[in-house]
file target-v5.cif (mmCIF, C-alpha atoms)
data_entry
loop_
_atom_site.label_atom_id
_atom_site.label_comp_id
_atom_site.auth_asym_id
_atom_site.auth_seq_id
_atom_site.Cartn_x
_atom_site.Cartn_y
_atom_site.Cartn_z
CA MET A 23 0.00 0.00 0.00
CA PRO A 24 2.78 2.57 0.70
CA LEU A 25 3.99 2.13 -2.89
CA VAL A 26 0.50 2.68 -4.30
CA ILE A 27 0.07 5.85 -2.23
CA LEU A 28 3.46 7.12 -3.38
CA ALA A 29 2.62 6.48 -7.05
CA VAL A 30 -0.76 8.21 -6.75
CA GLY A 31 0.88 11.16 -5.00
CA ILE A 32 3.39 11.63 -7.81
CA LEU A 33 0.61 11.43 -10.41
CA VAL A 34 -1.43 14.06 -8.51
CA LEU A 35 1.66 16.29 -8.38
CA PHE A 36 2.10 16.07 -12.14
CA PHE A 37 -1.63 16.74 -12.67
CA LEU A 38 -1.63 19.86 -10.49
CA ILE A 39 1.44 21.34 -12.17
CA VAL A 40 0.87 20.31 -15.80
CA LYS A 41 -2.92 20.40 -16.15
CA VAL A 42 -4.17 22.70 -13.39
CA LYS A 43 -1.13 25.01 -13.81
CA LEU A 44 -0.87 25.39 -10.04
CA ASN A 45 2.37 26.92 -8.79
CA SER A 46 5.01 24.20 -8.24
CA PHE A 47 5.67 25.26 -4.63
CA LEU A 48 1.99 25.11 -3.69
CA SER A 49 1.58 21.80 -5.52
CA LEU A 50 4.48 20.24 -3.64
CA LEU A 51 3.14 21.36 -0.25
CA LEU A 52 -0.38 20.15 -1.03
CA VAL A 53 0.78 16.73 -2.26
CA ALA A 54 3.17 16.39 0.68
CA GLY A 55 0.27 16.88 3.09
CA LEU A 56 -2.03 14.47 1.25
CA VAL A 57 0.64 11.76 0.97
CA GLY A 58 1.58 12.15 4.63
CA PHE A 59 -2.05 11.73 5.69
CA ALA A 60 -2.56 8.73 3.38
CA GLU A 61 0.66 7.09 4.63
CA GLY A 62 -0.66 7.22 8.19
CA LEU A 63 1.12 10.21 9.70
CA PRO A 64 -0.99 11.64 12.55
CA ILE A 65 -2.72 14.75 11.27
CA GLY A 66 -1.09 16.84 13.99
CA GLN A 67 2.38 15.87 12.73
CA ILE A 68 1.90 16.63 9.04
CA VAL A 69 2.53 20.38 9.19
CA PRO A 70 5.53 20.06 11.57
CA VAL A 71 7.08 17.43 9.27
CA ILE A 72 6.53 19.68 6.23
CA GLU A 73 8.14 22.55 8.12
CA LYS A 74 11.00 20.27 9.12
CA GLY A 75 11.62 19.21 5.53
CA LEU A 76 11.29 22.69 4.10
CA GLY A 77 13.40 24.25 6.83
CA GLY A 78 16.00 21.50 6.73
CA THR A 79 16.42 21.85 2.97
CA LEU A 80 16.51 25.64 2.95
CA GLY A 81 18.59 25.72 6.11
CA GLY A 82 21.33 23.92 4.23
CA LEU A 83 20.84 25.73 0.93
CA ALA A 84 19.48 29.24 1.55
CA ILE A 85 22.80 30.93 2.24
CA VAL A 86 24.65 28.87 -0.35
CA VAL A 87 22.10 29.40 -3.14
CA SER A 88 21.63 33.09 -2.27
CA PHE A 89 25.33 33.85 -2.05
CA GLY A 90 25.92 31.77 -5.18
CA ALA A 91 23.33 33.89 -6.97
CA ILE A 92 25.07 37.07 -5.77
CA LEU A 93 28.44 35.75 -6.95
CA GLY A 94 26.97 34.81 -10.33
CA LYS A 95 25.25 38.18 -10.73
CA LEU A 96 28.46 40.06 -9.90
CA MET A 97 30.41 37.87 -12.30
CA ALA A 98 27.90 38.57 -15.07
CA GLU A 99 27.55 42.31 -14.40
CA SER A 100 31.32 42.87 -14.28
CA GLY A 101 32.06 40.98 -17.49
CA GLY A 102 33.89 38.20 -15.63
CA ALA A 103 31.51 35.52 -16.89
CA GLN A 104 31.85 36.82 -20.45
CA ARG A 105 35.66 36.73 -20.11
CA ILE A 106 35.58 33.08 -19.00
CA ALA A 107 33.07 32.19 -21.70
CA THR A 108 34.89 33.87 -24.57
CA THR A 109 38.20 32.33 -23.50
CA LEU A 110 36.71 28.83 -23.33
CA ILE A 111 35.04 29.32 -26.71
CA LYS A 112 38.33 30.51 -28.21
CA VAL A 113 40.31 27.56 -26.80
CA PHE A 114 37.82 24.77 -27.48
CA GLY A 115 35.90 26.18 -30.42
CA ARG A 116 32.16 26.67 -30.64
CA GLU A 117 31.55 23.09 -31.80
CA ASN A 118 33.38 21.66 -28.76
CA ILE A 119 32.12 24.00 -26.05
CA LYS A 120 29.97 21.32 -24.46
CA TRP A 121 33.16 19.35 -23.73
CA ALA A 122 34.70 22.38 -22.03
CA VAL A 123 31.62 22.81 -19.83
CA CYS A 124 31.60 19.10 -18.99
CA LEU A 125 35.27 19.25 -17.95
CA THR A 126 34.61 22.35 -15.83
CA GLY A 127 31.67 20.67 -14.08
CA PHE A 128 33.73 17.55 -13.43
CA ILE A 129 36.55 19.50 -11.76
CA VAL A 130 34.23 21.74 -9.74
CA GLY A 131 31.95 18.86 -8.72
CA ILE A 132 34.64 16.82 -6.99
CA ALA A 133 34.58 19.08 -3.94
CA LEU A 134 31.00 20.35 -3.97
CA PHE A 135 27.52 19.01 -3.35
CA TYR A 136 25.48 18.97 -6.55
CA GLU A 137 23.24 21.91 -5.63
CA ILE A 138 26.20 24.11 -4.65
CA GLY A 139 28.18 23.37 -7.80
CA PHE A 140 25.06 23.89 -9.90
CA VAL A 141 24.41 27.35 -8.50
CA LEU A 142 28.06 28.35 -8.89
CA LEU A 143 28.24 27.25 -12.53
CA ILE A 144 24.81 28.26 -13.81
CA PRO A 145 25.81 31.90 -14.55
CA LEU A 146 28.76 30.59 -16.56
CA VAL A 147 26.44 28.25 -18.49
CA PHE A 148 24.09 31.15 -19.28
CA THR A 149 26.97 33.33 -20.47
CA ILE A 150 28.53 30.60 -22.62
CA ALA A 151 25.20 29.82 -24.25
CA ALA A 152 24.61 33.51 -25.04
CA ALA A 153 28.17 34.26 -26.17
CA ALA A 154 28.57 31.15 -28.35
CA LYS A 155 24.97 31.43 -29.63
CA ILE A 156 24.25 27.81 -28.76
CA PRO A 157 21.11 26.25 -27.22
CA LEU A 158 21.01 26.57 -23.44
CA LEU A 159 20.85 22.81 -22.86
CA GLU A 160 23.94 22.22 -25.02
CA ALA A 161 25.95 23.78 -22.21
CA GLY A 162 23.57 22.93 -19.34
CA ILE A 163 23.26 19.16 -19.75
CA PRO A 164 27.04 18.45 -19.84
CA MET A 165 27.49 20.63 -16.75
CA ALA A 166 24.70 18.91 -14.81
CA ALA A 167 25.86 15.44 -15.85
CA ALA A 168 29.44 16.08 -14.73
CA LEU A 169 28.31 17.44 -11.36
CA SER A 170 25.97 14.50 -10.77
CA VAL A 171 28.64 11.92 -11.68
CA THR A 172 31.08 13.33 -9.13
CA HIS A 173 28.26 13.43 -6.57
CA GLY A 174 27.81 9.68 -6.90
CA PHE A 175 31.28 8.29 -7.57
CA LEU A 176 34.24 10.42 -6.54
CA PRO A 177 35.77 11.02 -3.10
CA PRO A 178 36.62 13.52 -1.63
CA HIS A 179 33.06 14.48 -2.53
CA PRO A 180 31.14 14.25 0.77
CA GLY A 181 28.66 11.60 -0.43
CA PRO A 182 31.05 8.86 -1.59
CA THR A 183 33.37 9.69 1.30
CA ALA A 184 30.60 9.11 3.85
CA ILE A 185 29.59 5.82 2.21
CA SER A 186 33.25 4.73 2.17
CA ILE A 187 33.33 5.14 5.94
CA ILE A 188 30.15 3.07 6.36
CA TYR A 189 31.61 0.20 4.31
CA ASN A 190 35.13 0.67 5.72
CA ALA A 191 36.39 1.08 2.15
CA ASP A 192 39.76 2.46 1.10
CA ILE A 193 39.00 6.00 -0.09
CA GLY A 194 41.99 6.16 -2.43
CA LEU A 195 41.03 2.92 -4.16
CA THR A 196 37.42 4.04 -4.31
CA LEU A 197 38.60 7.20 -6.08
CA VAL A 198 40.56 5.14 -8.64
CA TYR A 199 37.64 2.81 -9.39
CA GLY A 200 35.25 5.77 -9.32
CA ALA A 201 37.29 7.72 -11.87
CA ILE A 202 37.34 4.71 -14.22
CA ILE A 203 33.53 4.69 -14.12
CA ALA A 204 32.93 8.43 -13.83
CA ILE A 205 34.81 9.63 -16.92
CA PRO A 206 32.95 7.59 -19.58
CA THR A 207 29.69 8.06 -17.70
CA ALA A 208 30.01 11.86 -17.73
CA ILE A 209 30.78 11.75 -21.46
CA VAL A 210 27.75 9.60 -22.31
CA ALA A 211 25.28 11.31 -19.95
CA GLY A 212 26.51 14.79 -20.87
CA PRO A 213 27.73 15.75 -24.36
CA LEU A 214 26.56 12.55 -26.07
CA PHE A 215 23.13 12.43 -24.42
CA TYR A 216 22.51 16.05 -25.40
CA GLY A 217 22.50 14.93 -29.03
CA THR A 218 19.29 12.97 -28.37
CA VAL A 219 17.39 15.89 -26.84
CA LYS A 220 18.77 18.83 -28.81
CA HIS A 221 15.32 19.35 -30.32
CA ILE A 222 14.10 20.57 -26.90
CA LYS A 223 14.40 24.35 -26.96
CA THR A 224 14.36 26.56 -23.88
CA GLU A 225 15.27 30.08 -22.93
CA ILE A 226 17.12 31.51 -19.95
CA PRO A 227 14.46 32.37 -17.32
CA GLU A 228 13.70 36.07 -17.16
CA GLY A 229 15.64 37.91 -14.48
CA LEU A 230 18.39 35.33 -14.11
CA PHE A 231 20.57 36.61 -16.91
CA GLU A 232 20.70 39.82 -18.88
CA PRO A 233 22.99 39.55 -21.89
CA LYS A 234 25.36 42.48 -22.06
CA VAL A 235 28.31 42.74 -24.40
CA PHE A 236 31.48 44.09 -22.82
CA THR A 237 34.54 45.42 -24.60
CA ASP A 238 37.86 43.74 -23.90
CA GLU A 239 38.96 46.68 -21.74
CA GLU A 240 35.80 46.56 -19.62
CA MET A 241 36.20 42.91 -18.63
CA PRO A 242 38.42 41.66 -15.78
CA GLY A 243 41.23 39.27 -16.71
CA PHE A 244 40.65 35.56 -17.26
CA GLY A 245 42.88 34.56 -14.33
CA ILE A 246 41.18 36.78 -11.74
CA SER A 247 37.74 35.82 -13.06
CA VAL A 248 38.43 32.09 -12.75
CA PHE A 249 40.09 32.55 -9.36
CA THR A 250 37.12 34.47 -7.94
CA ALA A 251 34.63 31.94 -9.30
CA LEU A 252 36.59 28.99 -7.90
CA VAL A 253 37.50 30.37 -4.46
CA PRO A 254 34.73 28.31 -2.79
CA VAL A 255 35.87 25.23 -4.72
CA PHE A 256 39.44 25.62 -3.46
CA LEU A 257 38.30 26.15 0.13
CA MET A 258 35.91 23.18 0.15
CA ALA A 259 38.46 20.94 -1.56
CA ALA A 260 41.04 21.89 1.09
CA ALA A 261 38.53 21.02 3.82
CA ALA A 262 37.81 17.64 2.21
CA ILE A 263 41.53 16.82 2.04
CA ALA A 264 42.00 17.95 5.65
CA LYS A 265 39.26 15.61 6.82
CA MET A 266 41.00 12.70 5.11
CA GLU A 267 44.63 13.49 5.96
CA LEU A 268 44.77 15.52 9.18
CA ALA A 269 44.03 14.61 12.77
CA LYS A 270 40.87 16.10 14.23
CA GLY A 271 41.42 18.87 16.73
CA THR A 272 44.66 20.20 15.25
CA PRO A 273 44.72 23.96 14.50
CA VAL A 274 45.19 23.44 10.76
CA PHE A 275 42.32 20.91 10.65
CA ASP A 276 39.99 23.27 12.51
CA VAL A 277 40.85 26.26 10.31
CA LEU A 278 40.54 24.40 7.01
CA THR A 279 37.27 22.67 7.92
CA PHE A 280 35.82 26.00 9.09
CA LEU A 281 36.86 27.83 5.92
CA GLY A 282 35.62 24.92 3.80
CA THR A 283 32.11 24.97 5.25
CA PRO A 284 29.92 25.86 2.24
CA ASP A 285 28.34 28.88 3.93
CA ILE A 286 31.74 30.28 4.97
CA ALA A 287 33.37 29.47 1.62
CA LEU A 288 30.59 31.31 -0.26
CA THR A 289 30.76 34.23 2.18
CA ILE A 290 34.49 34.60 1.56
CA SER A 291 33.99 34.29 -2.19
CA ILE A 292 31.43 37.10 -2.42
CA LEU A 293 33.60 39.35 -0.24
CA ILE A 294 36.43 38.78 -2.72
CA ALA A 295 33.99 39.29 -5.60
CA PHE A 296 32.87 42.60 -4.09
CA TYR A 297 36.36 43.82 -4.87
CA THR A 298 37.41 41.87 -8.00
CA PHE A 299 34.05 42.25 -9.76
CA GLY A 300 32.88 45.41 -8.00
CA ILE A 301 35.09 48.02 -6.36
CA GLY A 302 38.08 46.98 -8.47
CA ARG A 303 35.98 47.56 -11.62
CA GLY A 304 34.93 51.04 -10.54
CA LYS A 305 31.58 50.19 -8.97
CA SER A 306 30.37 51.87 -5.77
CA VAL A 307 29.12 49.97 -2.74
CA VAL A 308 25.59 51.12 -3.61
CA ASP A 309 25.97 49.63 -7.10
CA ILE A 310 27.28 46.37 -5.68
CA MET A 311 24.40 46.06 -3.20
CA LYS A 312 21.87 46.72 -5.99
CA ILE A 313 23.40 43.89 -8.03
CA ALA A 314 23.31 41.61 -4.97
CA GLN A 315 19.65 42.46 -4.35
CA ASP A 316 18.73 41.73 -7.97
CA GLY A 317 20.49 38.36 -7.73
CA ILE A 318 18.50 37.38 -4.64
CA VAL A 319 15.16 38.47 -6.10
CA ALA A 320 15.74 36.34 -9.19
CA ILE A 321 16.09 33.08 -7.24
CA ALA A 322 13.49 33.65 -4.48
CA MET A 323 10.79 31.43 -6.02
CA ILE A 324 13.36 28.81 -7.00
CA LEU A 325 14.39 28.57 -3.34
CA LEU A 326 10.79 28.03 -2.27
CA ILE A 327 10.24 25.33 -4.89
CA VAL A 328 13.41 23.50 -3.85
CA GLY A 329 12.20 23.78 -0.24
CA GLY A 330 8.86 22.28 -1.30
CA GLY A 331 10.71 19.31 -2.73
CA GLY A 332 12.45 18.95 0.62
CA ALA A 333 9.09 18.98 2.39
CA LEU A 334 7.78 16.09 0.28
CA LYS A 335 11.03 14.21 0.83
CA GLN A 336 10.69 14.57 4.62
CA ILE A 337 7.09 13.38 4.58
CA LEU A 338 8.18 10.18 2.84
CA ILE A 339 11.06 9.66 5.26
CA ASP A 340 9.08 10.29 8.46
CA SER A 341 6.14 8.18 7.28
CA GLY A 342 8.49 5.22 6.88
CA VAL A 343 8.11 4.76 3.12
CA GLY A 344 11.87 4.84 2.51
CA SER A 345 12.73 2.24 5.13
CA TYR A 346 9.76 0.08 4.06
CA ILE A 347 10.99 -0.11 0.47
CA GLY A 348 14.59 -0.63 1.56
CA THR A 349 13.54 -3.59 3.71
CA LEU A 350 11.67 -5.13 0.78
CA ALA A 351 14.75 -4.90 -1.42
CA ALA A 352 17.06 -6.20 1.29
CA GLY A 353 14.96 -9.34 1.63
CA SER A 354 15.71 -10.45 -1.93
CA ASN A 355 18.44 -12.88 -3.06
CA LEU A 356 20.51 -10.46 -5.13
CA SER A 357 24.29 -10.31 -5.36
CA PRO A 358 25.78 -7.80 -2.87
CA LEU A 359 26.55 -5.23 -5.57
CA LEU A 360 23.08 -5.50 -7.12
CA LEU A 361 21.54 -5.43 -3.65
CA ALA A 362 23.34 -2.18 -2.72
CA TRP A 363 22.33 -0.58 -6.02
CA THR A 364 18.70 -1.74 -5.77
CA VAL A 365 18.23 -0.65 -2.15
CA ALA A 366 19.69 2.78 -2.90
CA ALA A 367 17.59 3.08 -6.07
CA VAL A 368 14.26 2.27 -4.46
CA ILE A 369 14.94 4.55 -1.49
CA ARG A 370 15.93 7.32 -3.91
CA ILE A 371 12.62 6.93 -5.74
CA ALA A 372 10.76 6.84 -2.43
CA CYS A 373 12.32 9.78 -0.62
CA GLY A 374 13.95 11.82 -3.41
CA SER A 375 17.25 12.65 -1.72
CA ALA A 376 20.33 10.97 -3.22
CA THR A 377 22.28 11.54 -0.01
CA VAL A 378 19.55 10.01 2.18
CA ALA A 379 19.23 7.07 -0.24
CA ALA A 380 22.98 6.41 -0.26
CA LEU A 381 23.47 6.65 3.50
CA THR A 382 20.34 4.61 4.29
CA ALA A 383 21.28 1.92 1.77
CA GLY A 384 24.80 1.87 3.20
CA GLY A 385 23.43 1.13 6.65
CA ILE A 386 21.21 -1.66 5.31
CA ALA A 387 23.88 -3.29 3.13
CA ALA A 388 26.94 -2.80 5.36
CA PRO A 389 26.64 -6.20 7.12
CA VAL A 390 26.67 -7.89 3.71
CA VAL A 391 30.27 -6.76 3.09
CA ALA A 392 31.66 -8.67 6.06
CA VAL A 393 29.63 -11.79 5.32
CA THR A 394 30.33 -12.06 1.58
CA GLY A 395 33.81 -10.56 1.27
CA VAL A 396 32.70 -8.35 -1.64
CA SER A 397 34.93 -5.36 -2.45
CA PRO A 398 33.82 -2.53 -0.15
CA GLU A 399 35.08 -0.01 -2.70
CA LEU A 400 32.75 -1.39 -5.36
CA MET A 401 29.93 -1.45 -2.82
CA VAL A 402 30.47 2.30 -2.33
CA LEU A 403 30.18 2.89 -6.07
CA ALA A 404 27.18 0.58 -6.50
CA THR A 405 25.38 2.40 -3.69
CA GLY A 406 26.28 5.80 -5.13
CA ALA A 407 25.05 4.76 -8.58
CA GLY A 408 21.74 3.50 -7.22
CA SER A 409 21.18 6.70 -5.27
CA LEU A 410 21.17 8.76 -8.49
CA ILE A 411 18.47 6.94 -10.45
CA ILE A 412 15.58 8.87 -12.05
CA SER A 413 15.59 11.92 -9.70
CA PRO A 414 11.82 11.97 -9.14
CA PRO A 415 9.81 15.13 -8.40
CA ASN A 416 10.34 14.65 -4.65
CA ASP A 417 14.02 15.40 -5.26
CA PRO A 418 14.83 19.12 -4.83
CA GLY A 419 17.38 18.72 -7.63
CA PHE A 420 14.53 18.03 -10.07
CA TRP A 421 13.08 21.47 -9.43
CA LEU A 422 16.47 23.15 -9.40
CA PHE A 423 17.14 21.88 -12.93
CA LYS A 424 13.61 22.62 -14.13
CA GLU A 425 13.45 26.19 -12.87
CA PHE A 426 16.96 27.36 -13.78
CA PHE A 427 16.65 25.99 -17.31
CA GLY A 428 13.06 27.16 -17.77
CA LEU A 429 11.73 23.71 -18.66
CA THR A 430 8.26 22.22 -18.43
CA VAL A 431 7.77 19.23 -16.14
CA LYS A 432 7.51 16.98 -19.21
CA ASN A 433 10.80 18.19 -20.66
CA THR A 434 12.50 17.99 -17.27
CA VAL A 435 11.58 14.30 -17.17
CA ARG A 436 12.86 13.84 -20.75
CA THR A 437 16.19 15.52 -19.96
CA TRP A 438 17.12 15.53 -16.28
CA CYS A 439 15.42 12.28 -15.22
CA VAL A 440 16.81 10.38 -18.21
CA LEU A 441 20.26 11.87 -17.63
CA GLU A 442 20.26 10.70 -14.01
CA THR A 443 19.07 7.22 -15.01
CA ILE A 444 21.87 6.91 -17.58
CA ILE A 445 24.41 7.76 -14.87
CA SER A 446 22.87 5.25 -12.47
CA VAL A 447 22.72 2.37 -14.96
CA MET A 448 26.19 3.05 -16.39
CA GLY A 449 27.54 3.22 -12.85
CA LEU A 450 26.11 -0.21 -12.06
CA ALA A 451 27.46 -1.63 -15.33
CA GLY A 452 30.91 -0.21 -14.58
CA VAL A 453 30.90 -1.72 -11.09
CA LEU A 454 29.93 -5.16 -12.41
CA ILE A 455 32.61 -5.03 -15.11
CA ILE A 456 35.35 -4.03 -12.65
CA SER A 457 34.20 -6.79 -10.26
CA MET A 458 35.08 -9.33 -12.97
CA PHE A 459 38.76 -8.34 -12.84
CA ILE A 460 39.47 -7.92 -9.13
#
call {"tool": "encode", "arguments": {"input": "target-v5.cif", "output": "structure tokens"}}
result
Amino acid sequence: MPLVILAVGILVLFFLIVKVKLNSFLSLLLVAGLVGFAEGLPIGQIVPVIEKGLGGTLGGLAIVVSFGAILGKLMAESGGAQRIATTLIKVFGRENIKWAVCLTGFIVGIALFYEIGFVLLIPLVFTIAAAAKIPLLEAGIPMAAALSVTHGFLPPHPGPTAISIIYNADIGLTLVYGAIIAIPTAIVAGPLFYGTVKHIKTEIPEGLFEPKVFTDEEMPGFGISVFTALVPVFLMAAAAIAKMELAKGTPVFDVLTFLGTPDIALTISILIAFYTFGIGRGKSVVDIMKIAQDGIVAIAMILLIVGGGGALKQILIDSGVGSYIGTLAAGSNLSPLLLAWTVAAVIRIACGSATVAALTAGGIAAPVVAVTGVSPELMVLATGAGSLIISPPNDPGFWLFKEFFGLTVKNTVRTWCVLETIISVMGLAGVLIISMFI
């Protein structure tokens, strides 16, 4: 019965958004309440659980997304984004720009959660698409695919690192196996997959990007533009390395982990951007604050919609749907690698969050490692691959992709959901192939 209720809830969500044209945020909250009631949550707990999910999602993303929007707006208004875009176009050529964006997303994604990397790179994607006169998704899909691949497969990304600890896997070996799988997967799910959906046309959402052509003299240099954009990446990567290599409690460990906290890293980056993209380019503080305000206004509704996805996710978790489905999968007679992938996949579909799916599946499948002797490193990758499948509407990432790329729900399913499924299935295939040789 929990599965039937979940399926009906998703269908109602699609109906409200596609047919009724109800606002996505309101639709998510309404369906979250109905599903929670149908799944047996006491009526007095439904609103608190929705608030918990919405607040928990926005609590972790509000500062990051807002500051990322400010950084992107400053980069665009100063000409920094155009400088990066024109340089990449010159080096790679217009016909190969999707490969440049894919490579950029791969590098940035190693240290960042998907949502953070997405917000940091989206202004660059907008600028590249406008400057190279290419369809928005030609740059957007390779970027999203690369970020998602690192989210599932590559330490020191927080997700795979956490799963490695659960399975007691060697993080270095996990990184080696993960890279073997991640590189071809990013290529197929990014630049190559775009070729199958290039007929889907979309425009940059109004207010998120205003194309403005700068002269060469007006733009900051390529080096300072890239440095400012990647400051949070450097800080978070340093924190990830510190957590792996340094002893807890040492001064260097404490400093690096503090500076690498996403909120702090983004705060530092916009303070630097205030100078490199603002004061240093002749803008006044009043001008800079106006740009910052415009950046926040543009993403306000997107934040609410992502929070609505978090509310639905929390309803499914607190009502026990995720653990119910995980238990069903764990009771089957699958191989350990298939079991880890399946448990993570069904929990992902049930609760939406890739991180929750991966960590929950890790806890369920961890005892299997000791009993069977299966490679814990491959178990990490199988779990990570399963946690990425489909990206249903109860995943905040679904709405992030939809809103920033101005897509309909139908076209989000045809692009984002298929992209995520390709990554998940290729990840499983890669794990099974590697298992044949070790």
call {"tool": "residues_around", "arguments": {"input": "target-v5.cif", "residues": "Ala362 in chain A", "least_positions_apart": "6", "cutoff": "12 Å", "atoms": "all atoms listed in the file", "output": "ChimeraX atom specification"}}
result
/A:185,189,348-349,351-356,368-369,379-391,396,398-409,450,453
call {"tool": "write_last_selection", "arguments": {"input": "target-v5.cif", "atoms": "C-alpha atoms", "output": "compact mmCIF listing (two decimals), in the frame of the given file"}}
result
# COMPACT_ATOMS: atom_id res chain seq x y z
CA ILE A 185 29.59 5.82 2.21
CA TYR A 189 31.61 0.20 4.31
CA GLY A 348 14.59 -0.63 1.56
CA THR A 349 13.54 -3.59 3.71
CA ALA A 351 14.75 -4.90 -1.42
CA ALA A 352 17.06 -6.20 1.29
CA GLY A 353 14.96 -9.34 1.63
CA SER A 354 15.71 -10.45 -1.93
CA ASN A 355 18.44 -12.88 -3.06
CA LEU A 356 20.51 -10.46 -5.13
CA VAL A 368 14.26 2.27 -4.46
CA ILE A 369 14.94 4.55 -1.49
CA ALA A 379 19.23 7.07 -0.24
CA ALA A 380 22.98 6.41 -0.26
CA LEU A 381 23.47 6.65 3.50
CA THR A 382 20.34 4.61 4.29
CA ALA A 383 21.28 1.92 1.77
CA GLY A 384 24.80 1.87 3.20
CA GLY A 385 23.43 1.13 6.65
CA ILE A 386 21.21 -1.66 5.31
CA ALA A 387 23.88 -3.29 3.13
CA ALA A 388 26.94 -2.80 5.36
CA PRO A 389 26.64 -6.20 7.12
CA VAL A 390 26.67 -7.89 3.71
CA VAL A 391 30.27 -6.76 3.09
CA VAL A 396 32.70 -8.35 -1.64
CA PRO A 398 33.82 -2.53 -0.15
CA GLU A 399 35.08 -0.01 -2.70
CA LEU A 400 32.75 -1.39 -5.36
CA MET A 401 29.93 -1.45 -2.82
CA VAL A 402 30.47 2.30 -2.33
CA LEU A 403 30.18 2.89 -6.07
CA ALA A 404 27.18 0.58 -6.50
CA THR A 405 25.38 2.40 -3.69
CA GLY A 406 26.28 5.80 -5.13
CA ALA A 407 25.05 4.76 -8.58
CA GLY A 408 21.74 3.50 -7.22
CA SER A 409 21.18 6.70 -5.27
CA LEU A 450 26.11 -0.21 -12.06
CA VAL A 453 30.90 -1.72 -11.09
call {"tool": "resolve_selection", "arguments": {"input": "target-v5.cif", "expression": "the PyMOL selection byres ((chain A and resi 319) around 12)", "output": "compact mmCIF listing (two decimals) with C-alpha atoms, in the frame of the given file"}}
result
# COMPACT_ATOMS: atom_id res chain seq x y z
CA VAL A 87 22.10 29.40 -3.14
CA SER A 88 21.63 33.09 -2.27
CA PHE A 89 25.33 33.85 -2.05
CA ALA A 91 23.33 33.89 -6.97
CA ILE A 92 25.07 37.07 -5.77
CA LYS A 95 25.25 38.18 -10.73
CA GLU A 228 13.70 36.07 -17.16
CA GLY A 229 15.64 37.91 -14.48
CA LEU A 230 18.39 35.33 -14.11
CA LYS A 312 21.87 46.72 -5.99
CA ILE A 313 23.40 43.89 -8.03
CA ALA A 314 23.31 41.61 -4.97
CA GLN A 315 19.65 42.46 -4.35
CA ASP A 316 18.73 41.73 -7.97
CA GLY A 317 20.49 38.36 -7.73
CA ILE A 318 18.50 37.38 -4.64
CA ALA A 320 15.74 36.34 -9.19
CA ILE A 321 16.09 33.08 -7.24
CA ALA A 322 13.49 33.65 -4.48
CA MET A 323 10.79 31.43 -6.02
CA ILE A 324 13.36 28.81 -7.00
CA LEU A 325 14.39 28.57 -3.34
CA LEU A 326 10.79 28.03 -2.27
call {"tool": "resolve_selection", "arguments": {"input": "target-v5.cif", "expression": "the PyMOL selection byres ((chain A and resi 284) around 8)", "output": "number ranges by chain"}}
result
A: 86, 254, 258, 282-283, 285-288
call {"tool": "atom_distance", "arguments": {"input": "target-v5.cif", "atom1": "CA of Pro213 in chain A", "atom2": "CA of Ile163 in chain A"}}
result
7.3 Å
call {"tool": "resolve_selection", "arguments": {"input": "target-v5.cif", "expression": "the PyMOL selection byres ((chain A and resi 456) around 12)", "output": "MDAnalysis selection string"}}
result
chainID A and resid 196 198:203 359 397 399:401 403:404 449:455 457:460
call {"tool": "residues_around", "arguments": {"input": "target-v5.cif", "residues": "Ile209 in chain A", "least_positions_apart": "4", "cutoff": "8 Å", "atoms": "only C-alpha atoms", "output": "PDB file with C-alpha atoms, keeping the file's coordinate frame"}}
result
ATOM      1  CA  CYS A 124      31.600  19.100 -18.990  1.00  0.00           C
ATOM      2  CA  PRO A 164      27.040  18.450 -19.840  1.00  0.00           C
ATOM      3  CA  ILE A 205      34.810   9.630 -16.920  1.00  0.00           C
ATOM      4  CA  PRO A 213      27.730  15.750 -24.360  1.00  0.00           C
ATOM      5  CA  LEU A 214      26.560  12.550 -26.070  1.00  0.00           C
TER       6      LEU A 214
END
call {"tool": "atom_distance", "arguments": {"input": "target-v5.cif", "atom1": "CA of Ile72 in chain A", "atom2": "CA of Val431 in chain A"}}
result
22.4 Å
call {"tool": "closest_residue", "arguments": {"input": "target-v5.cif", "among": "A:Val113, A:Ile144, A:Ile132, A:Leu83", "to": "Gly181 in chain A", "atoms": "all atoms listed in the file"}}
result
A:Ile132
call {"tool": "atom_distance", "arguments": {"input": "target-v5.cif", "atom1": "CA of Leu169 in chain A", "atom2": "CA of Ile226 in chain A"}}
result
19.9 Å
call {"tool": "residues_around", "arguments": {"input": "target-v5.cif", "residues": "range 43-56 of chain A", "least_positions_apart": "6", "cutoff": "10 Å", "atoms": "all atoms listed in the file", "output": "VMD selection string"}}
result
chain A and resid 27 30 to 37 63 65 67 to 69 71 to 73 76 323 to 338 415 to 416 421 425 431
call {"tool": "residues_around", "arguments": {"input": "target-v5.cif", "residues": "Trp438 in chain A", "least_positions_apart": "6", "cutoff": "10 Å", "atoms": "all atoms listed in the file", "output": "MDAnalysis selection string"}}
result
chainID A and resid 163 166:167 211 412:414 419:421 423:424 444
call {"tool": "write_last_selection", "arguments": {"input": "target-v5.cif", "atoms": "C-alpha atoms", "output": "mmCIF file, in the coordinates of the input"}}
result
data_model
loop_
_atom_site.group_PDB
_atom_site.id
_atom_site.type_symbol
_atom_site.label_atom_id
_atom_site.label_comp_id
_atom_site.auth_asym_id
_atom_site.auth_seq_id
_atom_site.Cartn_x
_atom_site.Cartn_y
_atom_site.Cartn_z
ATOM 1 C CA ILE A 163 23.260 19.160 -19.750
ATOM 2 C CA ALA A 166 24.700 18.910 -14.810
ATOM 3 C CA ALA A 167 25.860 15.440 -15.850
ATOM 4 C CA ALA A 211 25.280 11.310 -19.950
ATOM 5 C CA ILE A 412 15.580 8.870 -12.050
ATOM 6 C CA SER A 413 15.590 11.920 -9.700
ATOM 7 C CA PRO A 414 11.820 11.970 -9.140
ATOM 8 C CA GLY A 419 17.380 18.720 -7.630
ATOM 9 C CA PHE A 420 14.530 18.030 -10.070
ATOM 10 C CA TRP A 421 13.080 21.470 -9.430
ATOM 11 C CA PHE A 423 17.140 21.880 -12.930
ATOM 12 C CA LYS A 424 13.610 22.620 -14.130
ATOM 13 C CA ILE A 444 21.870 6.910 -17.580
#
